[in-house]
$ cat input02.cif   # mmCIF, N, CA and C atoms
data_coords
loop_
_atom_site.label_atom_id
_atom_site.label_comp_id
_atom_site.auth_asym_id
_atom_site.auth_seq_id
_atom_site.Cartn_x
_atom_site.Cartn_y
_atom_site.Cartn_z
N MET U 429 130.09 71.57 -179.48
CA MET U 429 129.60 70.21 -179.34
C MET U 429 128.60 69.87 -180.44
N LYS U 430 127.84 70.87 -180.89
CA LYS U 430 126.89 70.60 -181.97
C LYS U 430 127.61 70.15 -183.23
N ASP U 431 128.75 70.80 -183.51
CA ASP U 431 129.52 70.41 -184.68
C ASP U 431 130.10 69.00 -184.53
N VAL U 432 130.52 68.66 -183.32
CA VAL U 432 131.04 67.31 -183.07
C VAL U 432 129.94 66.28 -183.29
N LEU U 433 128.76 66.56 -182.77
CA LEU U 433 127.64 65.64 -182.95
C LEU U 433 127.21 65.51 -184.40
N ASN U 434 127.45 66.57 -185.19
CA ASN U 434 127.11 66.52 -186.61
C ASN U 434 128.20 65.88 -187.46
N GLY U 435 129.30 65.45 -186.83
CA GLY U 435 130.34 64.72 -187.54
C GLY U 435 131.49 65.56 -188.06
N ASP U 436 131.64 66.79 -187.61
CA ASP U 436 132.76 67.63 -188.04
C ASP U 436 134.04 67.15 -187.38
N GLN U 437 134.98 66.66 -188.18
CA GLN U 437 136.20 66.08 -187.61
C GLN U 437 137.10 67.13 -186.99
N TYR U 438 137.09 68.35 -187.50
CA TYR U 438 137.93 69.41 -186.93
C TYR U 438 137.41 69.84 -185.56
N ALA U 439 136.12 69.93 -185.41
CA ALA U 439 135.54 70.24 -184.11
C ALA U 439 135.85 69.14 -183.10
N ASP U 440 135.82 67.89 -183.57
CA ASP U 440 136.14 66.77 -182.70
C ASP U 440 137.58 66.85 -182.21
N ILE U 441 138.49 67.20 -183.09
CA ILE U 441 139.91 67.33 -182.71
C ILE U 441 140.08 68.46 -181.70
N LEU U 442 139.42 69.59 -181.94
CA LEU U 442 139.52 70.72 -181.02
C LEU U 442 139.01 70.37 -179.63
N VAL U 443 137.88 69.71 -179.56
CA VAL U 443 137.31 69.33 -178.27
C VAL U 443 138.17 68.28 -177.58
N SER U 444 138.73 67.36 -178.35
CA SER U 444 139.56 66.30 -177.78
C SER U 444 140.83 66.84 -177.14
N HIS U 445 141.38 67.91 -177.69
CA HIS U 445 142.65 68.43 -177.20
C HIS U 445 142.51 69.70 -176.35
N LEU U 446 141.30 70.11 -176.07
CA LEU U 446 141.08 71.35 -175.32
C LEU U 446 141.75 71.32 -173.95
N TYR U 447 141.54 70.25 -173.20
CA TYR U 447 142.10 70.21 -171.84
C TYR U 447 143.62 70.25 -171.87
N ARG U 448 144.23 69.55 -172.80
CA ARG U 448 145.69 69.56 -172.91
C ARG U 448 146.20 70.96 -173.22
N TRP U 449 145.49 71.69 -174.07
CA TRP U 449 145.93 73.03 -174.46
C TRP U 449 145.81 74.03 -173.32
N ILE U 450 144.83 73.88 -172.48
CA ILE U 450 144.66 74.88 -171.42
C ILE U 450 145.32 74.49 -170.11
N SER U 451 145.87 73.27 -170.01
CA SER U 451 146.41 72.83 -168.73
C SER U 451 147.93 72.88 -168.64
N SER U 452 148.61 73.23 -169.69
CA SER U 452 150.06 73.24 -169.69
C SER U 452 150.57 74.69 -169.60
N PRO U 453 150.99 75.14 -168.41
CA PRO U 453 151.41 76.54 -168.27
C PRO U 453 152.70 76.87 -169.04
N ALA U 454 153.58 75.90 -169.24
CA ALA U 454 154.86 76.18 -169.89
C ALA U 454 154.75 76.22 -171.41
N GLU U 455 153.92 75.36 -171.98
CA GLU U 455 153.92 75.19 -173.43
C GLU U 455 152.69 75.76 -174.14
N SER U 456 151.66 76.06 -173.42
CA SER U 456 150.41 76.44 -174.05
C SER U 456 150.20 77.95 -174.02
N LYS U 457 149.79 78.49 -175.15
CA LYS U 457 149.45 79.91 -175.22
C LYS U 457 148.04 80.16 -174.70
N LEU U 458 147.25 79.09 -174.54
CA LEU U 458 145.88 79.24 -174.05
C LEU U 458 145.77 79.05 -172.53
N TYR U 459 146.91 78.89 -171.86
CA TYR U 459 146.87 78.62 -170.42
C TYR U 459 146.35 79.83 -169.65
N ASP U 460 145.35 79.58 -168.83
CA ASP U 460 144.81 80.57 -167.91
C ASP U 460 144.40 79.79 -166.66
N PRO U 461 144.93 80.12 -165.49
CA PRO U 461 144.62 79.34 -164.29
C PRO U 461 143.12 79.25 -164.00
N LEU U 462 142.39 80.33 -164.21
CA LEU U 462 140.95 80.30 -163.93
C LEU U 462 140.21 79.42 -164.93
N LEU U 463 140.58 79.49 -166.19
CA LEU U 463 139.97 78.64 -167.20
C LEU U 463 140.29 77.17 -166.94
N HIS U 464 141.53 76.90 -166.56
CA HIS U 464 141.93 75.53 -166.22
C HIS U 464 141.13 75.00 -165.05
N ARG U 465 140.95 75.82 -164.02
CA ARG U 465 140.18 75.41 -162.85
C ARG U 465 138.72 75.14 -163.22
N LEU U 466 138.15 75.99 -164.07
CA LEU U 466 136.77 75.81 -164.50
C LEU U 466 136.59 74.50 -165.27
N ILE U 467 137.47 74.24 -166.21
CA ILE U 467 137.38 73.00 -167.00
C ILE U 467 137.56 71.79 -166.10
N HIS U 468 138.48 71.87 -165.14
CA HIS U 468 138.70 70.73 -164.24
C HIS U 468 137.46 70.49 -163.37
N LYS U 469 136.81 71.54 -162.92
CA LYS U 469 135.58 71.38 -162.13
C LYS U 469 134.48 70.73 -162.96
N LEU U 470 134.36 71.13 -164.23
CA LEU U 470 133.37 70.51 -165.11
C LEU U 470 133.69 69.03 -165.35
N MET U 471 134.97 68.72 -165.48
CA MET U 471 135.37 67.32 -165.65
C MET U 471 135.02 66.50 -164.41
N LYS U 472 135.26 67.07 -163.22
CA LYS U 472 134.92 66.37 -161.99
C LYS U 472 133.42 66.15 -161.86
N LYS U 473 132.65 67.15 -162.24
CA LYS U 473 131.19 67.03 -162.18
C LYS U 473 130.71 65.91 -163.10
N ASN U 474 131.23 65.86 -164.30
CA ASN U 474 130.89 64.80 -165.24
C ASN U 474 131.33 63.44 -164.71
N PHE U 475 132.51 63.39 -164.10
CA PHE U 475 133.03 62.15 -163.54
C PHE U 475 132.14 61.63 -162.40
N PHE U 476 131.69 62.52 -161.53
CA PHE U 476 130.82 62.11 -160.44
C PHE U 476 129.46 61.64 -160.95
N GLN U 477 128.98 62.25 -162.03
CA GLN U 477 127.74 61.79 -162.63
C GLN U 477 127.91 60.40 -163.23
N LEU U 478 129.09 60.13 -163.79
CA LEU U 478 129.38 58.79 -164.32
C LEU U 478 129.38 57.77 -163.18
N LEU U 479 130.02 58.10 -162.06
CA LEU U 479 130.05 57.18 -160.92
C LEU U 479 128.64 56.93 -160.39
N TYR U 480 127.83 57.97 -160.32
CA TYR U 480 126.45 57.81 -159.86
C TYR U 480 125.68 56.89 -160.80
N ARG U 481 125.88 57.06 -162.10
CA ARG U 481 125.19 56.22 -163.09
C ARG U 481 125.63 54.77 -162.96
N LEU U 482 126.92 54.54 -162.71
CA LEU U 482 127.41 53.17 -162.51
C LEU U 482 126.75 52.54 -161.29
N LYS U 483 126.61 53.30 -160.21
CA LYS U 483 125.96 52.78 -159.01
C LYS U 483 124.49 52.48 -159.27
N GLU U 484 123.83 53.33 -160.07
CA GLU U 484 122.43 53.08 -160.42
C GLU U 484 122.28 51.77 -161.19
N LEU U 485 123.27 51.44 -162.00
CA LEU U 485 123.21 50.21 -162.81
C LEU U 485 123.61 48.97 -162.03
N GLY U 486 124.01 49.13 -160.78
CA GLY U 486 124.30 47.97 -159.94
C GLY U 486 125.77 47.65 -159.75
N CYS U 487 126.65 48.57 -160.09
CA CYS U 487 128.08 48.37 -159.90
C CYS U 487 128.52 48.94 -158.56
N ASN U 488 129.42 48.25 -157.90
CA ASN U 488 130.04 48.77 -156.69
C ASN U 488 131.39 49.34 -157.09
N VAL U 489 131.57 50.64 -156.92
CA VAL U 489 132.82 51.28 -157.31
C VAL U 489 133.84 51.07 -156.19
N ILE U 490 134.94 50.39 -156.52
CA ILE U 490 136.00 50.11 -155.56
C ILE U 490 137.01 51.25 -155.56
N PHE U 491 137.41 51.68 -156.75
CA PHE U 491 138.39 52.75 -156.91
C PHE U 491 138.06 53.51 -158.17
N ALA U 492 138.23 54.83 -158.13
CA ALA U 492 137.95 55.62 -159.32
C ALA U 492 138.79 56.89 -159.33
N ASN U 493 139.42 57.15 -160.44
CA ASN U 493 140.01 58.45 -160.74
C ASN U 493 139.87 58.68 -162.24
N PHE U 494 140.44 59.75 -162.75
CA PHE U 494 140.26 60.06 -164.16
C PHE U 494 140.92 59.02 -165.08
N HIS U 495 141.83 58.22 -164.55
CA HIS U 495 142.60 57.29 -165.39
C HIS U 495 142.23 55.83 -165.21
N LYS U 496 141.66 55.50 -164.06
CA LYS U 496 141.39 54.10 -163.76
C LYS U 496 140.11 53.98 -162.96
N LEU U 497 139.36 52.94 -163.28
CA LEU U 497 138.08 52.69 -162.61
C LEU U 497 138.00 51.20 -162.32
N ILE U 498 137.86 50.86 -161.05
CA ILE U 498 137.73 49.46 -160.65
C ILE U 498 136.36 49.29 -160.02
N ILE U 499 135.59 48.35 -160.58
CA ILE U 499 134.24 48.11 -160.06
C ILE U 499 134.07 46.64 -159.72
N ASP U 500 133.15 46.39 -158.81
CA ASP U 500 132.77 45.04 -158.41
C ASP U 500 131.41 44.76 -159.03
N THR U 501 131.34 43.69 -159.81
CA THR U 501 130.08 43.35 -160.48
C THR U 501 129.23 42.40 -159.66
N GLU U 502 129.84 41.75 -158.67
CA GLU U 502 129.18 40.74 -157.84
C GLU U 502 128.66 39.56 -158.67
N ARG U 503 129.31 39.30 -159.79
CA ARG U 503 128.96 38.15 -160.62
C ARG U 503 129.92 37.02 -160.30
N SER U 504 129.44 35.79 -160.33
CA SER U 504 130.27 34.66 -159.90
C SER U 504 131.09 34.05 -161.03
N THR U 505 130.72 34.26 -162.27
CA THR U 505 131.48 33.68 -163.38
C THR U 505 132.02 34.79 -164.27
N ILE U 506 133.08 34.45 -165.01
CA ILE U 506 133.69 35.43 -165.90
C ILE U 506 132.74 35.82 -167.02
N ASP U 507 131.97 34.87 -167.54
CA ASP U 507 131.02 35.17 -168.62
C ASP U 507 129.93 36.13 -168.15
N ALA U 508 129.43 35.89 -166.95
CA ALA U 508 128.40 36.78 -166.41
C ALA U 508 128.95 38.18 -166.18
N ALA U 509 130.20 38.26 -165.69
CA ALA U 509 130.83 39.56 -165.46
C ALA U 509 131.06 40.29 -166.78
N GLU U 510 131.55 39.59 -167.80
CA GLU U 510 131.78 40.22 -169.11
C GLU U 510 130.47 40.71 -169.72
N ASN U 511 129.43 39.92 -169.62
CA ASN U 511 128.13 40.33 -170.16
C ASN U 511 127.59 41.54 -169.41
N PHE U 512 127.76 41.55 -168.09
CA PHE U 512 127.28 42.68 -167.30
C PHE U 512 128.05 43.96 -167.65
N ILE U 513 129.37 43.85 -167.79
CA ILE U 513 130.18 45.01 -168.15
C ILE U 513 129.80 45.52 -169.54
N ALA U 514 129.57 44.62 -170.48
CA ALA U 514 129.14 45.03 -171.82
C ALA U 514 127.81 45.77 -171.76
N PHE U 515 126.89 45.27 -170.95
CA PHE U 515 125.60 45.94 -170.76
C PHE U 515 125.77 47.32 -170.16
N VAL U 516 126.61 47.44 -169.13
CA VAL U 516 126.84 48.72 -168.47
C VAL U 516 127.46 49.72 -169.44
N LEU U 517 128.47 49.30 -170.20
CA LEU U 517 129.11 50.21 -171.14
C LEU U 517 128.16 50.66 -172.23
N GLU U 518 127.34 49.74 -172.72
CA GLU U 518 126.36 50.09 -173.75
C GLU U 518 125.31 51.06 -173.21
N THR U 519 124.87 50.83 -171.99
CA THR U 519 123.87 51.70 -171.37
C THR U 519 124.44 53.09 -171.13
N ILE U 520 125.67 53.16 -170.68
CA ILE U 520 126.30 54.46 -170.41
C ILE U 520 126.48 55.25 -171.71
N LYS U 521 126.88 54.57 -172.77
CA LYS U 521 127.12 55.25 -174.06
C LYS U 521 125.83 55.84 -174.65
N GLN U 522 124.68 55.36 -174.23
CA GLN U 522 123.42 55.86 -174.77
C GLN U 522 123.10 57.27 -174.29
N LYS U 523 123.64 57.67 -173.15
CA LYS U 523 123.41 59.02 -172.65
C LYS U 523 124.33 59.99 -173.39
N PRO U 524 123.79 61.09 -173.90
CA PRO U 524 124.64 62.05 -174.64
C PRO U 524 125.79 62.61 -173.81
N LEU U 525 125.60 62.72 -172.50
CA LEU U 525 126.65 63.25 -171.64
C LEU U 525 127.89 62.36 -171.64
N PHE U 526 127.69 61.05 -171.77
CA PHE U 526 128.80 60.10 -171.71
C PHE U 526 129.14 59.49 -173.07
N ALA U 527 128.59 60.02 -174.13
CA ALA U 527 128.78 59.42 -175.46
C ALA U 527 130.23 59.42 -175.90
N PHE U 528 131.02 60.39 -175.44
CA PHE U 528 132.40 60.50 -175.90
C PHE U 528 133.41 59.96 -174.91
N ILE U 529 132.96 59.43 -173.79
CA ILE U 529 133.86 58.83 -172.82
C ILE U 529 134.22 57.43 -173.30
N GLN U 530 135.50 57.14 -173.32
CA GLN U 530 135.95 55.84 -173.78
C GLN U 530 136.35 54.98 -172.57
N LEU U 531 135.55 53.98 -172.28
CA LEU U 531 135.86 53.02 -171.23
C LEU U 531 136.15 51.69 -171.89
N GLN U 532 137.24 51.08 -171.47
CA GLN U 532 137.63 49.80 -172.05
C GLN U 532 138.06 48.86 -170.94
N PRO U 533 137.41 47.71 -170.82
CA PRO U 533 137.84 46.73 -169.82
C PRO U 533 139.24 46.21 -170.13
N VAL U 534 140.05 46.06 -169.09
CA VAL U 534 141.43 45.60 -169.28
C VAL U 534 141.66 44.25 -168.61
N GLU U 535 141.20 44.10 -167.36
CA GLU U 535 141.42 42.86 -166.62
C GLU U 535 140.19 42.51 -165.80
N TYR U 536 140.00 41.21 -165.61
CA TYR U 536 138.98 40.72 -164.69
C TYR U 536 139.70 40.00 -163.56
N TRP U 537 139.22 40.20 -162.36
CA TRP U 537 139.80 39.57 -161.18
C TRP U 537 138.74 38.68 -160.53
N ARG U 538 139.12 37.46 -160.17
CA ARG U 538 138.22 36.60 -159.41
C ARG U 538 138.20 37.05 -157.96
N ILE U 539 139.40 37.29 -157.41
CA ILE U 539 139.55 37.79 -156.04
C ILE U 539 140.47 39.00 -156.10
N LEU U 540 140.08 40.08 -155.45
CA LEU U 540 140.90 41.29 -155.43
C LEU U 540 140.92 41.86 -154.03
N LEU U 541 142.12 42.01 -153.49
CA LEU U 541 142.33 42.70 -152.22
C LEU U 541 142.89 44.06 -152.57
N PHE U 542 142.14 45.10 -152.26
CA PHE U 542 142.52 46.44 -152.69
C PHE U 542 142.63 47.37 -151.50
N LYS U 543 143.81 47.97 -151.34
CA LYS U 543 144.01 48.97 -150.29
C LYS U 543 144.07 50.37 -150.89
N ASP U 544 144.91 50.56 -151.89
CA ASP U 544 144.99 51.82 -152.60
C ASP U 544 145.60 51.58 -153.97
N TRP U 545 145.89 52.66 -154.68
CA TRP U 545 146.38 52.60 -156.06
C TRP U 545 147.61 51.69 -156.20
N TYR U 546 148.49 51.67 -155.19
CA TYR U 546 149.73 50.93 -155.28
C TYR U 546 149.70 49.59 -154.54
N ASN U 547 148.77 49.41 -153.62
CA ASN U 547 148.73 48.22 -152.78
C ASN U 547 147.47 47.41 -153.04
N TYR U 548 147.56 46.50 -153.98
CA TYR U 548 146.45 45.59 -154.26
C TYR U 548 147.02 44.32 -154.86
N GLY U 549 146.25 43.28 -154.76
CA GLY U 549 146.65 41.99 -155.31
C GLY U 549 145.46 41.07 -155.34
N GLY U 550 145.62 39.98 -156.06
CA GLY U 550 144.52 39.04 -156.15
C GLY U 550 144.77 38.00 -157.22
N ILE U 551 143.71 37.32 -157.59
CA ILE U 551 143.77 36.28 -158.61
C ILE U 551 143.06 36.80 -159.85
N LYS U 552 143.83 36.94 -160.94
CA LYS U 552 143.25 37.41 -162.18
C LYS U 552 142.46 36.29 -162.84
N GLU U 553 141.34 36.67 -163.41
CA GLU U 553 140.50 35.71 -164.11
C GLU U 553 140.84 35.67 -165.59
N GLY U 554 141.06 36.82 -166.18
CA GLY U 554 141.36 36.87 -167.60
C GLY U 554 141.80 38.25 -168.01
N SER U 555 142.36 38.34 -169.21
CA SER U 555 142.79 39.62 -169.75
C SER U 555 142.34 39.73 -171.19
N GLY U 556 142.65 40.84 -171.78
CA GLY U 556 142.32 41.04 -173.19
C GLY U 556 140.95 41.63 -173.39
N GLY U 557 139.95 41.06 -172.77
CA GLY U 557 138.59 41.58 -172.90
C GLY U 557 138.31 42.64 -171.87
N GLY U 558 138.83 42.48 -170.66
CA GLY U 558 138.52 43.55 -169.77
C GLY U 558 138.74 43.36 -168.30
N ASP U 559 139.09 44.45 -167.65
CA ASP U 559 139.15 44.63 -166.20
C ASP U 559 137.86 45.29 -165.82
N LYS U 560 137.46 45.11 -164.64
CA LYS U 560 136.24 45.77 -164.20
C LYS U 560 136.52 47.25 -164.19
N LYS U 561 136.68 47.76 -165.37
CA LYS U 561 137.07 49.15 -165.55
C LYS U 561 135.96 49.92 -166.14
#
$ encode --input "input02.cif" --output "structure tokens"
Amino acid sequence: MKDVLNGDQYADILVSHLYRWISSPAESKLYDPLLHRLIHKLMKKNFFQLLYRLKELGCNVIFANFHKLIIDTERSTIDAAENFIAFVLETIKQKPLFAFIQLQPVEYWRILLFKDWYNYGGIKEGSGGGDKK
């Protein structure tokens, strides 16, 4: 990580692809079930710290997994929600622990009825700039 922070592009590539290399039992020579379990536990710990930080900043987490994050900003206008999300993302990026996590808003919803990953619907407010992600 020190090399990544110092701008070494090769170290960055190695760190970026580490999980892929150790998680594929069929194709990877680095696969080890114990190592895979350890890395996954560390990823979960980091993920839970991210969720805690979002709650500290005033976000209500509706749904979260490693691939998708839906939050409620409790803002009444799209501009206020976009500004709040920009503030949250900027604040999160300032912590070294989350500096390399890439969060990108995909959609904003005015009304969202959410049951689970497959059963949700609502009225979209806008796209392109971001989802409460």
$ select_by_dssp --input "input02.cif" --residues "range 444-530 of chain U" --states "alpha helix (DSSP H)" --output "VMD selection string"
chain U and resid 444 to 451 461 to 484 506 to 521
$ closest_atom_pairs --input "input02.cif" --of "range 456-479 of chain U" --to "range 519-530 of chain U" --cutoff "10 Å" --atoms "only C-alpha atoms" --output "Markdown table"
| residue | atom | partner | partner_atom | distance |
| --- | --- | --- | --- | --- |
| U:Asn474 | CA | U:Leu525 | CA | 7.8 |
| U:Phe475 | CA | U:Phe526 | CA | 9.4 |
| U:Gln477 | CA | U:Leu525 | CA | 9.2 |
| U:Leu478 | CA | U:Phe526 | CA | 7.5 |
$ atom_distance --input "input02.cif" --atom1 "atom C of Leu540 in chain U" --atom2 "atom N of Lys473 in chain U"
27.8 Å
$ closest_residue --input "input02.cif" --among "U:Gly435, U:Gly486, U:Pro453, U:Gly550" --to "Phe515 in chain U" --atoms "only C-alpha atoms"
U:Gly486
$ atom_distance --input "input02.cif" --atom1 "atom C of Asn488 in chain U" --atom2 "atom C of Asp500 in chain U"
5.0 Å
$ residues_around --input "input02.cif" --residues "Gly549 in chain U" --least-positions-apart "3" --cutoff "6 Å" --atoms "all atoms listed in the file" --output "list in words"
Ile539, Leu540, Leu541 and Phe542 of chain U
$ atom_distance --input "input02.cif" --atom1 "CA of Leu446 in chain U" --atom2 "CA of Tyr459 in chain U"
10.5 Å
$ residues_around --input "input02.cif" --residues "Glu553 in chain U" --least-positions-apart "5" --cutoff "6.5 Å" --atoms "all atoms listed in the file" --output "ChimeraX atom specification"
/U:535-539
$ resolve_selection --input "input02.cif" --expression "the PyMOL selection byres (((chain U and resi 495 and name CA) around 12) and name CA)" --output "PyMOL selection string"
chain U and resi 475+491-494+496-498+529-532+545+561
$ select_by_dssp --input "input02.cif" --residues "range 436-547 of chain U" --states "strand (DSSP E or B)" --output "ChimeraX atom specification"
/U:488-492,497-500,535-542
$ decode --input "input02.cif" --residues "range 508-527 of chain U" --atoms "N, CA and C atoms" --output "mmCIF file, in the first residue's frame"
data_model
loop_
_atom_site.group_PDB
_atom_site.id
_atom_site.type_symbol
_atom_site.label_atom_id
_atom_site.label_comp_id
_atom_site.auth_asym_id
_atom_site.auth_seq_id
_atom_site.Cartn_x
_atom_site.Cartn_y
_atom_site.Cartn_z
ATOM 1 N N ALA U 508 -30.561 19.522 -4.005
ATOM 2 C CA ALA U 508 -30.102 19.313 -2.629
ATOM 3 C C ALA U 508 -29.545 17.911 -2.454
ATOM 4 N N ALA U 509 -30.195 16.922 -3.077
ATOM 5 C CA ALA U 509 -29.714 15.536 -2.982
ATOM 6 C C ALA U 509 -28.365 15.385 -3.679
ATOM 7 N N GLU U 510 -28.212 15.971 -4.863
ATOM 8 C CA GLU U 510 -26.937 15.885 -5.586
ATOM 9 C C GLU U 510 -25.811 16.553 -4.801
ATOM 10 N N ASN U 511 -26.090 17.708 -4.225
ATOM 11 C CA ASN U 511 -25.078 18.402 -3.429
ATOM 12 C C ASN U 511 -24.699 17.591 -2.194
ATOM 13 N N PHE U 512 -25.695 16.986 -1.560
ATOM 14 C CA PHE U 512 -25.423 16.175 -0.372
ATOM 15 C C PHE U 512 -24.576 14.956 -0.727
ATOM 16 N N ILE U 513 -24.915 14.286 -1.827
ATOM 17 C CA ILE U 513 -24.154 13.116 -2.258
ATOM 18 C C ILE U 513 -22.724 13.513 -2.612
ATOM 19 N N ALA U 514 -22.547 14.642 -3.281
ATOM 20 C CA ALA U 514 -21.197 15.121 -3.605
ATOM 21 C C ALA U 514 -20.399 15.380 -2.326
ATOM 22 N N PHE U 515 -21.042 15.978 -1.333
ATOM 23 C CA PHE U 515 -20.392 16.218 -0.042
ATOM 24 C C PHE U 515 -19.998 14.913 0.627
ATOM 25 N N VAL U 516 -20.906 13.936 0.637
ATOM 26 C CA VAL U 516 -20.642 12.644 1.276
ATOM 27 C C VAL U 516 -19.485 11.935 0.578
ATOM 28 N N LEU U 517 -19.483 11.911 -0.752
ATOM 29 C CA LEU U 517 -18.414 11.240 -1.483
ATOM 30 C C LEU U 517 -17.070 11.910 -1.249
ATOM 31 N N GLU U 518 -17.065 13.236 -1.229
ATOM 32 C CA GLU U 518 -15.824 13.974 -0.978
ATOM 33 C C GLU U 518 -15.305 13.714 0.438
ATOM 34 N N THR U 519 -16.209 13.684 1.401
ATOM 35 C CA THR U 519 -15.823 13.436 2.790
ATOM 36 C C THR U 519 -15.285 12.027 2.968
ATOM 37 N N ILE U 520 -15.908 11.066 2.328
ATOM 38 C CA ILE U 520 -15.463 9.677 2.438
ATOM 39 C C ILE U 520 -14.082 9.500 1.812
ATOM 40 N N LYS U 521 -13.850 10.139 0.679
ATOM 41 C CA LYS U 521 -12.560 10.007 -0.017
ATOM 42 C C LYS U 521 -11.401 10.588 0.792
ATOM 43 N N GLN U 522 -11.682 11.463 1.739
ATOM 44 C CA GLN U 522 -10.615 12.074 2.530
ATOM 45 C C GLN U 522 -9.988 11.098 3.514
ATOM 46 N N LYS U 523 -10.711 10.057 3.898
ATOM 47 C CA LYS U 523 -10.155 9.053 4.805
ATOM 48 C C LYS U 523 -9.265 8.106 4.007
ATOM 49 N N PRO U 524 -8.047 7.846 4.475
ATOM 50 C CA PRO U 524 -7.148 6.945 3.736
ATOM 51 C C PRO U 524 -7.720 5.547 3.536
ATOM 52 N N LEU U 525 -8.544 5.085 4.467
ATOM 53 C CA LEU U 525 -9.130 3.754 4.360
ATOM 54 C C LEU U 525 -10.042 3.632 3.140
ATOM 55 N N PHE U 526 -10.712 4.716 2.784
ATOM 56 C CA PHE U 526 -11.668 4.695 1.675
ATOM 57 C C PHE U 526 -11.165 5.434 0.436
ATOM 58 N N ALA U 527 -9.913 5.797 0.405
ATOM 59 C CA ALA U 527 -9.385 6.604 -0.694
ATOM 60 C C ALA U 527 -9.474 5.891 -2.035
#
